[in-house]
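Student: Input structure: entry38.cif, which contains mmCIF, C-alpha atoms.
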data_start
#
loop_
_atom_site.label_atom_id
_atom_site.label_comp_id
_atom_site.auth_asym_id
_atom_site.auth_seq_id
_atom_site.Cartn_x
_atom_site.Cartn_y
_atom_site.Cartn_z
CA MET A 1 9.04 1.97 -34.29
CA VAL A 2 7.52 0.92 -37.63
CA PHE A 3 4.01 -0.59 -37.55
CA ASP A 4 1.09 -1.44 -39.81
CA GLY A 5 -0.91 1.76 -40.18
CA ASP A 6 -3.86 -0.08 -41.75
CA CYS A 7 -4.39 -2.27 -38.67
CA ASN A 8 -6.86 -0.86 -36.12
CA PHE A 9 -5.46 -3.13 -33.42
CA CYS A 10 -1.93 -1.85 -34.05
CA ARG A 11 -2.99 1.79 -34.05
CA ARG A 12 -4.81 1.42 -30.73
CA TRP A 13 -1.85 -0.08 -28.89
CA ILE A 14 0.70 2.17 -30.58
CA SER A 15 -1.19 5.14 -29.14
CA ARG A 16 -0.81 3.64 -25.65
CA TRP A 17 2.91 2.96 -26.12
CA GLN A 18 3.40 6.45 -27.52
CA GLN A 19 1.84 7.90 -24.39
CA ALA A 20 4.37 5.98 -22.27
CA THR A 21 7.47 6.78 -24.30
CA GLY A 22 6.61 10.33 -25.40
CA ASP A 23 8.89 11.86 -28.00
CA ARG A 24 11.76 9.51 -27.14
CA VAL A 25 10.47 7.02 -29.73
CA GLU A 26 9.27 7.92 -33.22
CA TYR A 27 6.31 5.87 -34.45
CA LEU A 28 5.73 5.57 -38.19
CA PRO A 29 3.41 3.36 -40.28
CA PHE A 30 5.30 1.32 -42.86
CA GLN A 31 2.92 2.79 -45.47
CA ASP A 32 4.76 6.11 -45.06
CA PRO A 33 6.69 6.69 -48.33
CA THR A 34 9.76 7.90 -46.42
CA ILE A 35 10.25 4.51 -44.72
CA ALA A 36 11.75 2.86 -47.80
CA LYS A 37 14.29 5.64 -48.17
CA ARG A 38 15.25 5.85 -44.50
CA PHE A 39 15.36 2.10 -43.85
CA PRO A 40 15.97 0.26 -47.15
CA GLU A 41 16.88 -2.90 -45.26
CA LEU A 42 13.26 -3.26 -44.07
CA THR A 43 10.94 -5.22 -46.36
CA ARG A 44 7.19 -4.84 -46.59
CA GLU A 45 6.79 -8.50 -45.64
CA GLN A 46 8.70 -7.94 -42.38
CA CYS A 47 6.57 -4.92 -41.46
CA GLU A 48 3.29 -6.70 -42.22
CA LYS A 49 4.35 -9.63 -40.06
CA ALA A 50 5.44 -7.73 -36.93
CA VAL A 51 6.39 -4.30 -35.60
CA GLN A 52 10.01 -3.27 -36.15
CA PHE A 53 12.13 -1.24 -33.76
CA ILE A 54 15.20 0.51 -35.15
CA ASP A 55 17.61 1.38 -32.34
CA THR A 56 19.89 4.43 -32.39
CA ASP A 57 22.84 2.22 -33.34
CA GLY A 58 20.98 0.93 -36.41
CA HIS A 59 20.11 -2.51 -35.06
CA ILE A 60 16.62 -3.73 -35.95
CA TYR A 61 14.50 -5.71 -33.53
CA SER A 62 11.20 -7.38 -34.31
CA ALA A 63 8.00 -8.58 -32.65
CA ALA A 64 7.91 -8.81 -28.82
CA GLU A 65 11.52 -7.72 -28.42
CA ALA A 66 10.78 -4.62 -30.49
CA VAL A 67 7.90 -3.73 -28.17
CA PHE A 68 9.95 -4.23 -25.00
CA ARG A 69 12.91 -2.24 -26.34
CA ALA A 70 10.64 0.65 -27.31
CA LEU A 71 8.95 0.68 -23.90
CA ALA A 72 12.33 0.43 -22.13
CA VAL A 73 12.96 4.11 -22.84
CA ALA A 74 10.18 4.90 -20.35
CA PRO A 75 11.56 4.74 -16.77
CA CYS A 76 8.66 2.73 -15.36
CA GLN A 77 8.66 0.16 -18.18
CA ARG A 78 12.28 -1.02 -18.12
CA TRP A 79 11.41 -4.05 -16.06
CA LEU A 80 9.74 -5.63 -19.10
CA MET A 81 12.99 -5.66 -21.08
CA TRP A 82 14.89 -6.89 -18.04
CA CYS A 83 12.48 -9.84 -17.67
CA TYR A 84 12.77 -10.58 -21.39
CA GLN A 85 16.56 -10.72 -21.23
CA GLN A 86 17.22 -12.15 -17.76
CA ILE A 87 14.42 -14.57 -16.86
CA PRO A 88 14.65 -17.93 -18.65
CA GLY A 89 11.57 -18.76 -20.70
CA VAL A 90 10.18 -15.24 -20.90
CA ALA A 91 11.59 -14.54 -24.38
CA PRO A 92 10.17 -17.64 -26.14
CA ILE A 93 6.82 -17.35 -24.37
CA THR A 94 6.33 -13.67 -25.22
CA GLU A 95 7.47 -14.21 -28.81
CA GLY A 96 5.01 -17.09 -29.14
CA LEU A 97 2.20 -14.98 -27.73
CA TYR A 98 3.09 -12.15 -30.08
CA ARG A 99 2.91 -14.47 -33.12
CA PHE A 100 -0.47 -15.81 -31.96
CA VAL A 101 -1.89 -12.31 -31.48
CA ALA A 102 -0.47 -11.14 -34.82
CA LYS A 103 -2.23 -13.98 -36.63
CA HIS A 104 -5.57 -13.13 -34.99
CA ARG A 105 -5.44 -9.33 -34.95
CA THR A 106 -9.09 -8.95 -35.99
CA GLY A 107 -10.31 -10.98 -33.05
CA PHE A 108 -8.01 -9.26 -30.60
CA SER A 109 -9.06 -5.86 -31.96
CA PHE A 110 -12.67 -6.78 -31.15
CA LEU A 111 -11.61 -8.05 -27.72
CA THR A 112 -9.78 -4.78 -27.07
CA ARG A 113 -12.92 -2.79 -27.84
CA ILE A 114 -14.94 -5.03 -25.51
CA LEU A 115 -12.51 -4.80 -22.58
CA TRP A 116 -11.15 -1.27 -22.95
CA GLY A 117 -13.67 0.56 -25.14
CA GLN A 118 -12.48 3.58 -27.05
CA HIS A 119 -9.82 4.50 -24.49
CA VAL A 120 -6.90 2.06 -24.70
CA GLU A 121 -4.38 4.72 -23.74
CA GLN A 122 -3.04 4.93 -20.19
CA PRO A 123 -5.82 6.52 -18.12
CA THR A 124 -5.42 9.72 -16.11
CA HIS A 125 -7.03 10.31 -12.71
CA PHE A 126 -7.03 14.06 -12.07
CA LEU A 127 -10.84 14.33 -12.06
CA THR A 128 -11.08 10.99 -10.26
CA ARG A 129 -8.88 12.25 -7.43
CA TRP A 130 -10.76 15.57 -7.32
CA LEU A 131 -14.11 13.79 -6.85
CA PHE A 132 -12.74 11.18 -4.45
CA LEU A 133 -11.21 13.74 -2.10
CA ARG A 134 -14.36 15.89 -2.05
CA LEU A 135 -16.50 12.88 -1.20
CA LEU A 136 -14.00 11.83 1.47
CA GLY A 137 -14.21 15.34 2.91
CA ILE A 138 -18.01 15.01 3.05
CA VAL A 139 -17.68 11.65 4.82
CA TYR A 140 -15.31 13.16 7.39
CA PHE A 141 -17.70 16.09 7.82
CA ILE A 142 -20.63 13.76 8.52
CA ALA A 143 -18.54 11.68 10.93
CA PHE A 144 -17.34 14.65 12.99
CA VAL A 145 -20.68 16.50 13.06
CA SER A 146 -22.48 13.33 14.14
CA LEU A 147 -19.94 12.62 16.86
CA TRP A 148 -19.86 16.25 18.03
CA ALA A 149 -23.57 16.12 18.82
CA GLN A 150 -23.08 13.03 21.01
CA ILE A 151 -19.61 13.48 22.43
CA ASP A 152 -20.69 14.77 25.87
CA GLY A 153 -23.12 11.93 26.46
CA LEU A 154 -20.71 9.25 25.24
CA VAL A 155 -17.22 10.10 26.54
CA GLY A 156 -17.66 13.48 28.19
CA SER A 157 -16.89 14.03 31.86
CA HIS A 158 -20.48 13.01 32.74
CA GLY A 159 -20.90 10.60 29.85
CA ILE A 160 -21.38 6.83 29.68
CA ALA A 161 -17.65 6.09 29.41
CA PRO A 162 -15.71 9.27 30.33
CA ALA A 163 -12.52 9.81 28.36
CA THR A 164 -10.64 10.98 31.48
CA GLN A 165 -11.42 7.72 33.25
CA PHE A 166 -10.33 5.73 30.20
CA MET A 167 -7.00 7.56 30.11
CA GLU A 168 -6.40 6.97 33.80
CA ASN A 169 -7.17 3.26 33.44
CA VAL A 170 -4.80 2.85 30.50
CA HIS A 171 -2.02 4.72 32.29
CA THR A 172 -2.46 2.63 35.43
CA CYS A 173 -2.70 -0.75 33.70
CA SER A 174 0.16 -0.10 31.28
CA HIS A 175 2.59 1.14 33.97
CA ALA A 176 3.81 3.75 31.49
CA HIS A 177 6.61 6.01 32.71
CA ASN A 178 5.71 8.97 30.48
CA VAL A 179 3.14 10.17 27.98
CA TRP A 180 5.07 8.76 25.01
CA ASP A 181 5.06 5.24 26.44
CA ALA A 182 1.35 5.53 27.08
CA ALA A 183 0.73 6.90 23.59
CA SER A 184 2.30 3.81 22.06
CA ILE A 185 -0.43 1.76 23.76
CA ALA A 186 -3.33 4.13 23.15
CA PRO A 187 -2.39 6.63 20.39
CA THR A 188 -4.52 9.68 21.08
CA LEU A 189 -4.06 13.41 21.57
CA CYS A 190 -6.20 13.10 24.68
CA TRP A 191 -3.05 12.19 26.62
CA PHE A 192 -2.35 15.92 26.68
CA ASN A 193 -5.89 16.90 27.61
CA ALA A 194 -9.03 14.76 27.85
CA SER A 195 -11.40 17.43 29.13
CA ASP A 196 -14.76 18.20 27.54
CA SER A 197 -13.35 21.31 25.90
CA SER A 198 -10.55 19.23 24.34
CA LEU A 199 -13.05 16.72 22.96
CA HIS A 200 -15.10 19.56 21.49
CA PHE A 201 -11.95 21.04 19.99
CA LEU A 202 -11.16 17.78 18.21
CA CYS A 203 -14.71 17.51 16.87
CA GLY A 204 -14.87 21.17 15.83
CA GLY A 205 -11.40 21.00 14.32
CA GLY A 206 -12.49 17.95 12.33
CA VAL A 207 -15.46 19.84 10.93
CA VAL A 208 -13.27 22.78 9.86
CA LEU A 209 -10.61 20.53 8.33
CA SER A 210 -13.29 18.57 6.48
CA ALA A 211 -14.51 21.80 4.95
CA LEU A 212 -10.95 22.61 3.83
CA VAL A 213 -10.69 19.21 2.10
CA ILE A 214 -14.03 19.79 0.36
CA LEU A 215 -12.78 23.19 -0.83
CA GLY A 216 -9.42 21.73 -1.86
CA ILE A 217 -7.38 23.96 0.45
CA ALA A 218 -4.20 22.43 1.91
CA THR A 219 -5.68 19.01 1.23
CA ALA A 220 -2.78 16.79 2.29
CA PRO A 221 -2.06 18.55 5.63
CA SER A 222 -5.80 18.72 6.35
CA LEU A 223 -6.18 14.99 5.71
CA ALA A 224 -3.23 14.25 7.99
CA LEU A 225 -4.81 16.23 10.83
CA LEU A 226 -8.24 14.73 10.16
CA TRP A 227 -6.80 11.25 10.48
CA LEU A 228 -5.01 12.18 13.71
CA PHE A 229 -8.12 13.80 15.21
CA TYR A 230 -10.40 10.91 14.29
CA LEU A 231 -7.89 8.36 15.57
CA SER A 232 -7.67 10.26 18.85
CA LEU A 233 -11.44 10.24 19.28
CA SER A 234 -11.72 6.60 18.18
CA VAL A 235 -9.27 5.48 20.86
CA VAL A 236 -11.07 7.17 23.76
CA GLY A 237 -14.48 6.38 22.29
CA GLU A 238 -13.70 2.73 21.56
CA PRO A 239 -16.96 1.33 23.01
CA PHE A 240 -18.88 3.49 20.54
CA MET A 241 -16.41 3.87 17.66
CA GLY A 242 -15.20 0.34 17.10
CA PHE A 243 -17.43 -0.37 14.14
CA GLN A 244 -16.41 -1.39 10.64
CA TRP A 245 -17.00 2.07 9.21
CA ASP A 246 -14.74 3.73 11.77
CA ALA A 247 -11.82 1.44 10.93
CA LEU A 248 -12.54 1.85 7.21
CA LEU A 249 -12.50 5.64 7.50
CA LEU A 250 -9.18 5.60 9.35
CA GLU A 251 -7.52 3.34 6.76
CA THR A 252 -8.98 5.28 3.84
CA GLY A 253 -7.97 8.58 5.41
CA LEU A 254 -4.41 7.42 5.99
CA LEU A 255 -3.92 6.25 2.38
CA ALA A 256 -5.59 9.40 1.04
CA ILE A 257 -2.82 11.52 2.58
CA PHE A 258 -0.34 10.05 0.09
CA PHE A 259 -2.84 10.27 -2.78
CA ALA A 260 -3.75 13.93 -2.30
CA PRO A 261 -2.11 16.83 -4.20
CA ARG A 262 0.52 18.82 -2.34
CA GLN A 263 -0.24 22.43 -3.23
CA ILE A 264 -1.95 24.67 -0.67
CA LEU A 265 -4.53 26.37 -2.89
CA PRO A 266 -6.95 24.46 -5.14
CA GLY A 267 -6.33 24.23 -8.86
CA LEU A 268 -6.44 21.16 -11.11
CA THR A 269 -4.03 22.69 -13.61
CA ARG A 270 -1.37 23.03 -10.89
CA GLU A 271 -1.63 19.47 -9.61
CA ALA A 272 0.90 16.74 -10.21
CA PRO A 273 -0.39 13.40 -11.55
CA PRO A 274 -1.84 11.21 -8.78
CA SER A 275 0.40 8.58 -7.25
CA ARG A 276 -0.27 5.25 -8.95
CA ILE A 277 0.91 3.42 -5.83
CA GLY A 278 -1.60 5.39 -3.77
CA LEU A 279 -4.35 4.65 -6.28
CA TRP A 280 -3.73 0.91 -6.24
CA LEU A 281 -3.48 0.79 -2.45
CA LEU A 282 -6.92 2.39 -2.20
CA ARG A 283 -8.28 -0.04 -4.79
CA TRP A 284 -6.73 -2.89 -2.80
CA LEU A 285 -8.58 -1.58 0.26
CA LEU A 286 -11.87 -1.67 -1.66
CA PHE A 287 -11.12 -5.23 -2.79
CA ARG A 288 -10.44 -6.36 0.79
CA LEU A 289 -13.58 -4.65 2.04
CA MET A 290 -15.89 -6.30 -0.47
CA PHE A 291 -14.26 -9.73 -0.70
CA ALA A 292 -13.85 -10.09 3.06
CA SER A 293 -17.51 -9.12 3.53
CA GLY A 294 -18.53 -12.14 1.49
CA VAL A 295 -15.97 -14.54 2.97
CA VAL A 296 -16.78 -13.70 6.58
CA LYS A 297 -20.46 -14.53 6.05
CA LEU A 298 -19.61 -18.01 4.84
CA ALA A 299 -16.85 -18.48 7.43
CA THR A 300 -19.29 -18.00 10.33
CA GLY A 301 -20.85 -21.38 9.57
CA ASP A 302 -24.32 -19.87 9.85
CA LYS A 303 -26.67 -22.08 7.82
CA THR A 304 -28.83 -19.15 6.79
CA TRP A 305 -25.99 -17.82 4.63
CA HIS A 306 -25.28 -21.23 3.11
CA THR A 307 -28.96 -21.79 2.31
CA LEU A 308 -29.38 -18.17 1.08
CA THR A 309 -32.17 -17.51 3.63
CA ALA A 310 -30.31 -14.94 5.76
CA LEU A 311 -32.27 -12.00 4.34
CA THR A 312 -35.50 -13.43 5.74
CA VAL A 313 -34.30 -12.30 9.18
CA HIS A 314 -31.71 -9.67 8.25
CA TYR A 315 -34.02 -6.72 7.71
CA GLU A 316 -35.74 -7.04 11.11
CA THR A 317 -32.57 -7.71 13.12
CA GLN A 318 -30.16 -5.18 11.57
CA PRO A 319 -29.40 -1.94 13.48
CA LEU A 320 -31.74 0.95 12.67
CA PRO A 321 -33.70 -0.48 9.72
CA THR A 322 -35.41 2.07 7.48
CA TRP A 323 -39.08 2.07 6.53
CA ILE A 324 -38.08 0.61 3.17
CA GLY A 325 -36.46 -2.23 5.10
CA TRP A 326 -39.88 -3.19 6.47
CA TYR A 327 -41.23 -3.64 2.95
CA ALA A 328 -38.10 -5.54 1.91
CA HIS A 329 -38.76 -7.96 4.78
CA GLN A 330 -42.19 -8.78 3.33
CA LEU A 331 -40.80 -9.96 -0.02
CA PRO A 332 -41.34 -13.67 -0.87
CA LEU A 333 -38.77 -16.34 0.01
CA TRP A 334 -37.67 -16.93 -3.57
CA PHE A 335 -36.83 -13.25 -3.96
CA GLN A 336 -34.91 -13.20 -0.66
CA LYS A 337 -32.82 -16.17 -1.83
CA PHE A 338 -32.26 -14.57 -5.21
CA SER A 339 -31.17 -11.29 -3.55
CA CYS A 340 -28.78 -13.16 -1.25
CA GLY A 341 -27.26 -14.96 -4.24
CA ILE A 342 -26.76 -11.69 -6.09
CA MET A 343 -25.17 -10.22 -2.96
CA PHE A 344 -22.65 -13.08 -2.78
CA ALA A 345 -21.90 -12.73 -6.49
CA ILE A 346 -21.12 -9.04 -5.99
CA GLU A 347 -19.07 -9.52 -2.82
CA LEU A 348 -17.11 -12.60 -3.91
CA GLY A 349 -16.86 -12.19 -7.69
CA ILE A 350 -17.11 -8.54 -8.61
CA PRO A 351 -14.09 -7.42 -6.49
CA PHE A 352 -11.76 -9.20 -8.94
CA LEU A 353 -12.95 -6.80 -11.65
CA ILE A 354 -11.15 -4.05 -9.72
CA PHE A 355 -7.92 -5.34 -11.31
CA ALA A 356 -9.47 -6.04 -14.72
CA PRO A 357 -9.29 -3.92 -17.92
CA ARG A 358 -11.16 -0.64 -18.07
CA ARG A 359 -14.67 -1.66 -19.11
CA LEU A 360 -14.85 -4.58 -16.69
CA ARG A 361 -13.64 -2.27 -13.95
CA LEU A 362 -16.47 0.16 -14.74
CA ILE A 363 -18.97 -2.71 -14.54
CA GLY A 364 -17.54 -3.63 -11.15
CA CYS A 365 -17.92 -0.04 -9.99
CA GLY A 366 -21.59 0.01 -11.02
CA ALA A 367 -22.34 -3.30 -9.30
CA ILE A 368 -20.76 -2.30 -5.97
CA VAL A 369 -22.39 1.13 -6.00
CA THR A 370 -25.78 -0.48 -6.66
CA LEU A 371 -25.31 -2.86 -3.74
CA MET A 372 -24.33 -0.01 -1.42
CA ALA A 373 -27.36 2.01 -2.50
CA LEU A 374 -29.70 -0.91 -1.74
CA ILE A 375 -28.07 -1.44 1.66
CA ALA A 376 -28.44 2.26 2.48
CA LEU A 377 -32.12 2.19 1.50
CA THR A 378 -32.93 -0.69 3.84
CA GLY A 379 -30.65 0.03 6.81
CA ASN A 380 -28.79 2.87 8.51
CA TYR A 381 -25.07 2.14 8.67
CA CYS A 382 -23.92 5.68 9.35
CA PHE A 383 -21.49 6.86 6.65
CA PHE A 384 -20.36 3.34 5.67
CA ASN A 385 -22.20 3.16 2.36
CA LEU A 386 -21.12 6.64 1.27
CA LEU A 387 -17.50 5.79 2.14
CA ALA A 388 -17.68 2.57 0.11
CA VAL A 389 -19.09 4.52 -2.85
CA THR A 390 -16.27 7.03 -2.41
CA LEU A 391 -13.75 4.22 -2.81
CA CYS A 392 -15.64 3.02 -5.90
CA VAL A 393 -14.94 6.39 -7.54
CA LEU A 394 -11.32 5.26 -7.81
CA LEU A 395 -12.40 2.58 -10.30
CA LEU A 396 -13.28 5.35 -12.75
CA ASP A 397 -10.87 7.41 -14.83
CA ASP A 398 -10.97 10.91 -16.28
CA ALA A 399 -12.41 9.64 -19.57
CA ALA A 400 -15.45 8.26 -17.72
CA LEU A 401 -15.95 11.42 -15.62
CA ARG A 402 -15.07 14.10 -18.17
CA ARG A 403 -18.62 14.55 -19.46
CA PHE A 404 -19.82 15.54 -15.98
CA PHE A 405 -17.23 18.30 -15.49
CA PRO A 406 -16.94 21.81 -16.99
CA THR A 407 -15.36 22.06 -20.42
CA ARG A 408 -12.27 23.86 -19.09
CA TRP A 409 -11.47 20.80 -16.94
CA ARG A 410 -11.77 18.20 -19.69
CA ASN A 411 -8.28 18.52 -21.16
CA LEU A 412 -5.94 19.14 -18.27
CA PRO A 413 -2.25 19.67 -19.01
CA ILE A 414 0.03 17.18 -17.28
CA ASN A 415 3.04 18.90 -15.77
CA PRO A 416 5.52 16.31 -14.44
CA HIS A 417 7.54 19.04 -12.71
CA HIS A 418 4.90 19.59 -10.03
CA TRP A 419 5.93 18.06 -6.74
CA ARG A 420 4.38 14.70 -5.98
CA CYS A 421 4.81 12.25 -3.15
CA PRO A 422 8.12 10.50 -3.97
CA CYS A 423 8.38 6.74 -4.39
CA TRP A 424 10.79 6.48 -1.44
CA ILE A 425 7.80 7.46 0.74
CA THR A 426 4.92 5.70 -1.01
CA ALA A 427 6.79 2.45 -1.72
CA PRO A 428 7.55 1.66 1.97
CA VAL A 429 3.97 2.60 2.88
CA ALA A 430 2.71 0.24 0.17
CA ALA A 431 4.98 -2.55 1.38
CA MET A 432 3.84 -2.06 4.98
CA VAL A 433 0.14 -2.03 4.04
CA LEU A 434 0.48 -5.16 1.91
CA LEU A 435 2.45 -6.95 4.64
CA VAL A 436 -0.05 -6.08 7.36
CA THR A 437 -3.08 -7.00 5.25
CA THR A 438 -1.48 -10.28 4.15
CA MET A 439 -0.80 -11.21 7.77
CA THR A 440 -4.34 -10.23 8.72
CA LEU A 441 -5.89 -12.29 5.93
CA ALA A 442 -3.68 -15.24 6.80
#
Show this structure as structure tokens.
Tutor:
Amino acid sequence: MVFDGDCNFCRRWISRWQQATGDRVEYLPFQDPTIAKRFPELTREQCEKAVQFIDTDGHIYSAAEAVFRALAVAPCQRWLMWCYQQIPGVAPITEGLYRFVAKHRTGFSFLTRILWGQHVEQPTHFLTRWLFLRLLGIVYFIAFVSLWAQIDGLVGSHGIAPATQFMENVHTCSHAHNVWDAASIAPTLCWFNASDSSLHFLCGGGVVLSALVILGIATAPSLALLWLFYLSLSVVGEPFMGFQWDALLLETGLLAIFFAPRQILPGLTREAPPSRIGLWLLRWLLFRLMFASGVVKLATGDKTWHTLTALTVHYETQPLPTWIGWYAHQLPLWFQKFSCGIMFAIELGIPFLIFAPRRLRLIGCGAIVTLMALIALTGNYCFFNLLAVTLCVLLLDDAALRRFFPTRWRNLPINPHHWRCPCWITAPVAAMVLLVTTMTLA
């Protein structure tokens, strides 16, 4: 690939393409004195006008086609060349766009700095995954410790809604012939034993497994068991565990299993790159959480949301308001309306920044985290706010987090030979999640 070495815009994007193709494509500026000797058929005018790709058979391709052919050597980028060659209209449109960008490189170079900053290259997420999983472990720890302290009074044998009675009712009403038929209706380990000691075992096991996730020991198996234990307790404790944060923790925990590293002992240098499918599924979950939170308020038809006056009654009617919530309730009407408007802007507009270029995504992360912090200050929603912030961590990349980590972690070697969750597992999971969420939203 021959490019203009004096163009900042070209150099930025060449560095990104080079990261994708590795040493399978050689990138050289046309100012290199060896270019004229190696490729005498190339003129300076051609190279100044567009990038040139010289294939192994000697054929020269220019502009958009040159870019797509260079990227086609990377396994995950071949679809671009296929679209260029097979889909009618793609070739002329992309060539037209390339000519437009080439004529306005200065402006697009500025736009690149605005949207991506200094890091145009493909981001890595080793540190991002490390922080996300530790925070998720803390959330699980809080959830199990909190439930353990209340389990006897809620679903114990002498509790408000005993688990044993729940299991008997489900078995009787479902007319199940065996435990497996019953488990398909109410998936819980309590089908084997719903005694108080079994409930305590699930809670205690959850605490221990949470600690293992925080320490980074056998993360994937620990997350799988954590999800199973929490699901089991959620089923028998449905009257008390049917809140938004319980469902959010179960969905986050399930997706995190496929996002976690596979080695038993902790060590960033031994980890395979995080699954990009897993990363985007978790980001999609954050988008649905935030966007649906805004839509559902308007869909209720409650006039207080439409007139932006809902916060005048929210602080005194929410569950377990904090002492700061009392002061928030005393704020003037204009400020309550302003706050409600900002809340809608964050819930309905900011989620789309999750899929935007790097800098916009970081802005979205900051806005959602700020909203969650304000909610946590004025009301007690268990671990919901911390779990939402945990999902926001996935909007960051290693370049954004590197300054907060030890020096030895800042330049991690990427070893593609480490085992990672294969696409034949993550792709069906992704398809299932997208199908279910699409049907739910519809």
Student: Using the chain letters and numbers from the file, which residues does the PyMOL selection byres ((chain A and resi 58) around 12) grab, as a VMD selection string?
Tutor: chain A and resid 38 to 42 52 to 57 59 to 61
Student: Mind pulling up the distance from atom CA of A:Arg105 to atom CA of A:Arg361?
Tutor: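 A separation of 23.6 Å between them.
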Student: As AutoDock Vina command-line options, please: the centre and edge lengths in Å, to one decimal, of an axis-aligned box enclosing every listed atom of stretch 126-135 of chain A with 5 Å added on each side.
Tutor:
--center_x -11.8 --center_y 13.4 --center_z -6.6 --size_x 19.5 --size_y 14.9 --size_z 20.9
Student: Could you check which residues have any atom within 9 Å of (-15.4, 16.2, -0.6), counting only C-alpha atoms with coordinates taken straight from the file, and then list them as a PyMOL selection string?
Tutor: chain A and resi 130-141+210-216
Student: Could you list, as a ChimeraX atom specification, every residue matched by the PyMOL selection byres ((chain A and resi 349-354) around 8) in this structure?
Tutor: /A:283,286-287,290-291,344-348,355-357,360-361,363-365,367-368,395
Student: So which residues get picked by the PyMOL selection byres ((chain A and resi 15) around 12) here, written as a list in words?
Tutor: Met1, Phe3, Gly5, Asn8, Phe9, Cys10, Arg11, Arg12, Trp13, Ile14, Arg16, Trp17, Gln18, Gln19, Ala20, Thr21, Gly22, Val25, Glu26, Tyr27, Leu28, Gln118, His119, Val120, Glu121 and Gln122 of chain A
Student: Work out how far apart atom CA of A:Ala218 and atom CA of A:Ile257 are and give it in Å to one decimal.
Tutor: 11.0 Å
Student: For A:Arg69, please output as a compact mmCIF listing (two decimals) with C-alpha atoms, keeping the file's coordinate frame all residues within 9 Å (counting only C-alpha atoms; exclusion window: fewer than 2 positions along the same chain).
Tutor:
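File produced: part-v8.txt:
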# COMPACT_ATOMS: atom_id res chain seq x y z
CA PHE A 53 12.13 -1.24 -33.76
CA ASP A 55 17.61 1.38 -32.34
CA TYR A 61 14.50 -5.71 -33.53
CA ALA A 64 7.91 -8.81 -28.82
CA GLU A 65 11.52 -7.72 -28.42
CA ALA A 66 10.78 -4.62 -30.49
CA VAL A 67 7.90 -3.73 -28.17
CA LEU A 71 8.95 0.68 -23.90
CA ALA A 72 12.33 0.43 -22.13
CA VAL A 73 12.96 4.11 -22.84
CA ARG A 78 12.28 -1.02 -18.12
CA LEU A 80 9.74 -5.63 -19.10
CA MET A 81 12.99 -5.66 -21.08
Student: At a cut-off of 12 Å, using only C-alpha atoms, what residues contact A:Arg44? Leave out same-chain residues fewer than 2 positions from it and give the result as a ChimeraX atom specification.
Tutor: /A:2-4,29-33,35-36,39-42,46-52
Student: Find the distance between atom CA of A:Leu115 and atom CA of A:Val369 and write it in Å to one decimal.
Tutor: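 Taking atom CA of A:Leu115 as the start and atom CA of A:Val369 as the end point, the length is 20.2 Å.
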Student: Show which residues sit within 12 Å of stretch 312-320 of chain A, as a short mmCIF file (atom, residue, chain, number, x, y, z; two decimals) with C-alpha atoms, in the frame of the given file. Count all atoms listed in the file, and ignore same-chain residues fewer than 2 positions away.
Tutor:
data_model
loop_
_atom_site.label_atom_id
_atom_site.label_comp_id
_atom_site.auth_asym_id
_atom_site.auth_seq_id
_atom_site.Cartn_x
_atom_site.Cartn_y
_atom_site.Cartn_z
CA THR A 304 -28.83 -19.15 6.79
CA TRP A 305 -25.99 -17.82 4.63
CA THR A 307 -28.96 -21.79 2.31
CA LEU A 308 -29.38 -18.17 1.08
CA THR A 309 -32.17 -17.51 3.63
CA ALA A 310 -30.31 -14.94 5.76
CA THR A 322 -35.41 2.07 7.48
CA TRP A 323 -39.08 2.07 6.53
CA ILE A 324 -38.08 0.61 3.17
CA GLY A 325 -36.46 -2.23 5.10
CA TRP A 326 -39.88 -3.19 6.47
CA TYR A 327 -41.23 -3.64 2.95
CA ALA A 328 -38.10 -5.54 1.91
CA HIS A 329 -38.76 -7.96 4.78
CA GLN A 330 -42.19 -8.78 3.33
CA LEU A 331 -40.80 -9.96 -0.02
CA PRO A 332 -41.34 -13.67 -0.87
CA LEU A 333 -38.77 -16.34 0.01
CA TRP A 334 -37.67 -16.93 -3.57
CA PHE A 335 -36.83 -13.25 -3.96
CA GLN A 336 -34.91 -13.20 -0.66
CA LYS A 337 -32.82 -16.17 -1.83
CA PHE A 338 -32.26 -14.57 -5.21
CA SER A 339 -31.17 -11.29 -3.55
CA CYS A 340 -28.78 -13.16 -1.25
CA LEU A 374 -29.70 -0.91 -1.74
CA ILE A 375 -28.07 -1.44 1.66
CA ALA A 376 -28.44 2.26 2.48
CA LEU A 377 -32.12 2.19 1.50
CA THR A 378 -32.93 -0.69 3.84
CA GLY A 379 -30.65 0.03 6.81
CA ASN A 380 -28.79 2.87 8.51
CA TYR A 381 -25.07 2.14 8.67
CA CYS A 382 -23.92 5.68 9.35
#
Student: Find, counting only C-alpha atoms, the residue in A:Ile151, A:Ile342, A:Ala163, A:Val389 that gets nearest to A:Gly204.
Tutor: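 Answer, going by the shortest atom-to-atom distance: A:Ile151.
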